[in-house]
Amino acid sequence: MQKEAHLSVELIGSNAQPVKIELLDSAPLLEVMQDGAKKLNVQLLPSAEAPLDLLHNFDRGAFGPALSNLEEPVGTYLDEKDTSKKFGIELVRAFRVNTRWAVAPTESMTPRQILALPAINLDYQSYTLYEPGKIEPLPLDVPVPISRGKVFEAQRDGKYGS
C-alpha cells in the first residue's frame with residue numbers, strides 16, 4: 001500500500017516562504033522538485049523534465065549537497081539515515097547557446113570561455129557568439145554578464161580564427 005509523504009520545499013537563497021507538498025512515497029525525487037517549483041512559482045531550466053537546477057535535502061541545520069539521483073523514490077530516500085522531509089531548490093545560472101544549455105560558473109564569462117564549456121563545446125575559431133537580434137559579434141575576450149535564462153547565438157563563420 002502506498003503512503004503519502006508530506007514534504008516542505010523552499011527556494012534556497014530566497015526569502016520566499018517554504019511550501020508544503022504531498023506526494024506518494026513511490027514518486028521520484030524529481031517530482032519533489034517539479035511540484036515544489038510549481039508551488040513556488042519558479043520555472044526549472046531548461047525544463048521541468050530535465051532541470052539543471054539542483055535539489056537539496058535539509059539535515060542538521062543546513063542544506064546538504066545536491067541530490068544526484070532524482071529518479072529515486074521519495075519513500076526510499078526518506079528511509080535513509082540523516083534525511084528529512086525538508087527540501088530546497090537551488091536555481092542555477094543556466095543559460096543557452098543555440099539549443100545547448102549550460103551552467104555558468106561565474107557571473108560573467110568571455111565568449112571564449114562560454115564556447116569552451118563542456119555542455120556548449122564549440123570551437124572559438126569556428127564559431128562567433130552573438131546576443132540575439134544583434135549583428136555585432138561579442139568580442140572574444142571581453143567578459144559578458146550571464147544571468148539565469150540568458151540566451152546567446154553562435155554562428156559558424158570562423159571570424160575569431162581569422
# chains A, B, ... in the order shown; residues from 1 in each chain; ligands from 1
call {"tool": "residues_around", "arguments": {"residues": "Ala154 of chain A", "least_positions_apart": "2", "cutoff": "9 Å", "atoms": "only C-alpha atoms", "output": "list of chain:residue names"}}
result
A:Val97, A:Asn98, A:Leu115, A:Leu122, A:Tyr127, A:Thr128, A:Leu129, A:Tyr130, A:Glu131, A:Phe152, A:Arg156
call {"tool": "write_last_selection", "arguments": {"atoms": "C-alpha atoms", "output": "short mmCIF file (atom, residue, chain, number, x, y, z; two decimals), in the first residue's frame"}}
result
data_model
loop_
_atom_site.label_atom_id
_atom_site.label_comp_id
_atom_site.auth_asym_id
_atom_site.auth_seq_id
_atom_site.Cartn_x
_atom_site.Cartn_y
_atom_site.Cartn_z
CA VAL A 97 23.73 28.92 -26.68
CA ASN A 98 21.62 27.94 -29.70
CA LEU A 115 32.11 28.33 -26.11
CA LEU A 122 32.05 24.85 -29.76
CA TYR A 127 32.05 29.97 -34.07
CA THR A 128 31.24 33.56 -33.24
CA LEU A 129 28.98 34.43 -30.30
CA TYR A 130 26.18 36.99 -30.59
CA GLU A 131 23.40 38.41 -28.47
CA PHE A 152 23.23 33.58 -26.94
CA ARG A 156 29.73 29.04 -37.61
#
call {"tool": "select_by_dssp", "arguments": {"residues": "chain A", "states": "helix (DSSP H, G or I)", "output": "NGL selection string"}}
result
:A and (29-39 or 74-78 or 111-116)
call {"tool": "write_last_selection", "arguments": {"atoms": "N, CA and C atoms", "output": "PDB file, in the first residue's frame"}}
result
ATOM      1  N   LEU A  29      12.136  11.669  -6.696  1.00  0.00           N
ATOM      2  CA  LEU A  29      12.551  12.952  -6.122  1.00  0.00           C
ATOM      3  C   LEU A  29      12.395  14.093  -7.126  1.00  0.00           C
ATOM      4  N   LEU A  30      12.470  13.775  -8.412  1.00  0.00           N
ATOM      5  CA  LEU A  30      12.265  14.800  -9.430  1.00  0.00           C
ATOM      6  C   LEU A  30      10.894  15.462  -9.249  1.00  0.00           C
ATOM      7  N   GLU A  31       9.895  14.699  -8.843  1.00  0.00           N
ATOM      8  CA  GLU A  31       8.561  15.279  -8.621  1.00  0.00           C
ATOM      9  C   GLU A  31       8.549  16.229  -7.431  1.00  0.00           C
ATOM     10  N   VAL A  32       9.403  15.989  -6.437  1.00  0.00           N
ATOM     11  CA  VAL A  32       9.532  16.934  -5.320  1.00  0.00           C
ATOM     12  C   VAL A  32       9.968  18.281  -5.889  1.00  0.00           C
ATOM     13  N   MET A  33      10.959  18.227  -6.767  1.00  0.00           N
ATOM     14  CA  MET A  33      11.477  19.443  -7.385  1.00  0.00           C
ATOM     15  C   MET A  33      10.431  20.101  -8.277  1.00  0.00           C
ATOM     16  N   GLN A  34       9.765  19.314  -9.102  1.00  0.00           N
ATOM     17  CA  GLN A  34       8.764  19.849 -10.031  1.00  0.00           C
ATOM     18  C   GLN A  34       7.580  20.464  -9.292  1.00  0.00           C
ATOM     19  N   ASP A  35       7.020  19.740  -8.342  1.00  0.00           N
ATOM     20  CA  ASP A  35       5.861  20.242  -7.597  1.00  0.00           C
ATOM     21  C   ASP A  35       6.246  21.447  -6.737  1.00  0.00           C
ATOM     22  N   GLY A  36       7.430  21.375  -6.123  1.00  0.00           N
ATOM     23  CA  GLY A  36       7.895  22.492  -5.315  1.00  0.00           C
ATOM     24  C   GLY A  36       8.085  23.745  -6.156  1.00  0.00           C
ATOM     25  N   ALA A  37       8.713  23.603  -7.313  1.00  0.00           N
ATOM     26  CA  ALA A  37       8.942  24.750  -8.200  1.00  0.00           C
ATOM     27  C   ALA A  37       7.615  25.349  -8.653  1.00  0.00           C
ATOM     28  N   LYS A  38       6.661  24.486  -8.964  1.00  0.00           N
ATOM     29  CA  LYS A  38       5.350  24.975  -9.407  1.00  0.00           C
ATOM     30  C   LYS A  38       4.675  25.793  -8.301  1.00  0.00           C
ATOM     31  N   LYS A  39       4.696  25.272  -7.086  1.00  0.00           N
ATOM     32  CA  LYS A  39       4.071  25.986  -5.965  1.00  0.00           C
ATOM     33  C   LYS A  39       4.835  27.246  -5.581  1.00  0.00           C
ATOM     34  N   VAL A  74      10.751   8.874  -3.355  1.00  0.00           N
ATOM     35  CA  VAL A  74      10.763   9.696  -2.145  1.00  0.00           C
ATOM     36  C   VAL A  74      10.825   8.826  -0.894  1.00  0.00           C
ATOM     37  N   GLY A  75       9.990   7.802  -0.819  1.00  0.00           N
ATOM     38  CA  GLY A  75       9.945   6.935   0.361  1.00  0.00           C
ATOM     39  C   GLY A  75      11.269   6.247   0.617  1.00  0.00           C
ATOM     40  N   THR A  76      11.899   5.748  -0.428  1.00  0.00           N
ATOM     41  CA  THR A  76      13.204   5.089  -0.292  1.00  0.00           C
ATOM     42  C   THR A  76      14.233   6.081   0.223  1.00  0.00           C
ATOM     43  N   TYR A  77      14.226   7.293  -0.328  1.00  0.00           N
ATOM     44  CA  TYR A  77      15.173   8.314   0.101  1.00  0.00           C
ATOM     45  C   TYR A  77      14.961   8.664   1.570  1.00  0.00           C
ATOM     46  N   LEU A  78      13.712   8.864   1.969  1.00  0.00           N
ATOM     47  CA  LEU A  78      13.424   9.259   3.348  1.00  0.00           C
ATOM     48  C   LEU A  78      13.742   8.157   4.354  1.00  0.00           C
ATOM     49  N   PRO A 111      33.257  35.215 -24.291  1.00  0.00           N
ATOM     50  CA  PRO A 111      32.749  34.287 -25.293  1.00  0.00           C
ATOM     51  C   PRO A 111      33.658  33.063 -25.484  1.00  0.00           C
ATOM     52  N   ARG A 112      34.965  33.260 -25.382  1.00  0.00           N
ATOM     53  CA  ARG A 112      35.894  32.119 -25.491  1.00  0.00           C
ATOM     54  C   ARG A 112      35.576  31.088 -24.392  1.00  0.00           C
ATOM     55  N   GLN A 113      35.366  31.557 -23.148  1.00  0.00           N
ATOM     56  CA  GLN A 113      35.058  30.653 -22.033  1.00  0.00           C
ATOM     57  C   GLN A 113      33.692  29.998 -22.221  1.00  0.00           C
ATOM     58  N   ILE A 114      32.726  30.765 -22.687  1.00  0.00           N
ATOM     59  CA  ILE A 114      31.373  30.230 -22.905  1.00  0.00           C
ATOM     60  C   ILE A 114      31.410  29.095 -23.919  1.00  0.00           C
ATOM     61  N   LEU A 115      32.048  29.344 -25.049  1.00  0.00           N
ATOM     62  CA  LEU A 115      32.109  28.327 -26.108  1.00  0.00           C
ATOM     63  C   LEU A 115      32.873  27.087 -25.665  1.00  0.00           C
ATOM     64  N   ALA A 116      33.818  27.248 -24.738  1.00  0.00           N
ATOM     65  CA  ALA A 116      34.638  26.123 -24.278  1.00  0.00           C
ATOM     66  C   ALA A 116      33.970  25.275 -23.199  1.00  0.00           C
TER      67      ALA A 116
END
call {"tool": "closest_residue", "arguments": {"among": "A:Ala62, A:Ala104, A:Leu54, A:Leu140", "to": "Asp123 of chain A", "atoms": "only C-alpha atoms"}}
result
A:Leu140
call {"tool": "atom_distance", "arguments": {"atom1": "atom CA of Gln43 of chain A", "atom2": "atom CA of Arg93 of chain A"}}
result
12.5 Å
call {"tool": "select_by_dssp", "arguments": {"residues": "segment 51-127 of chain A", "states": "strand (DSSP E or B)", "output": "ChimeraX atom specification"}}
result
/A:54-59,62-66,73,86-90,94-97,100-103,108-109,127
call {"tool": "atom_distance", "arguments": {"atom1": "atom CA of Met109 of chain A", "atom2": "atom CA of Glu90 of chain A"}}
result
20.9 Å
call {"tool": "closest_residue", "arguments": {"among": "A:Leu44, A:Pro105, A:Asp25, A:Asp157", "to": "Pro145 of chain A", "atoms": "only C-alpha atoms"}}
result
A:Pro105
call {"tool": "closest_residue", "arguments": {"among": "A:Phe63, A:Pro46, A:Thr83, A:Thr106", "to": "Ile12 of chain A", "atoms": "only C-alpha atoms"}}
result
A:Phe63
call {"tool": "residues_around", "arguments": {"residues": "Gly61 of chain A", "least_positions_apart": "2", "cutoff": "12 Å", "atoms": "only C-alpha atoms", "output": "ChimeraX atom specification"}}
result
/A:57-59,63-64,82-84,86
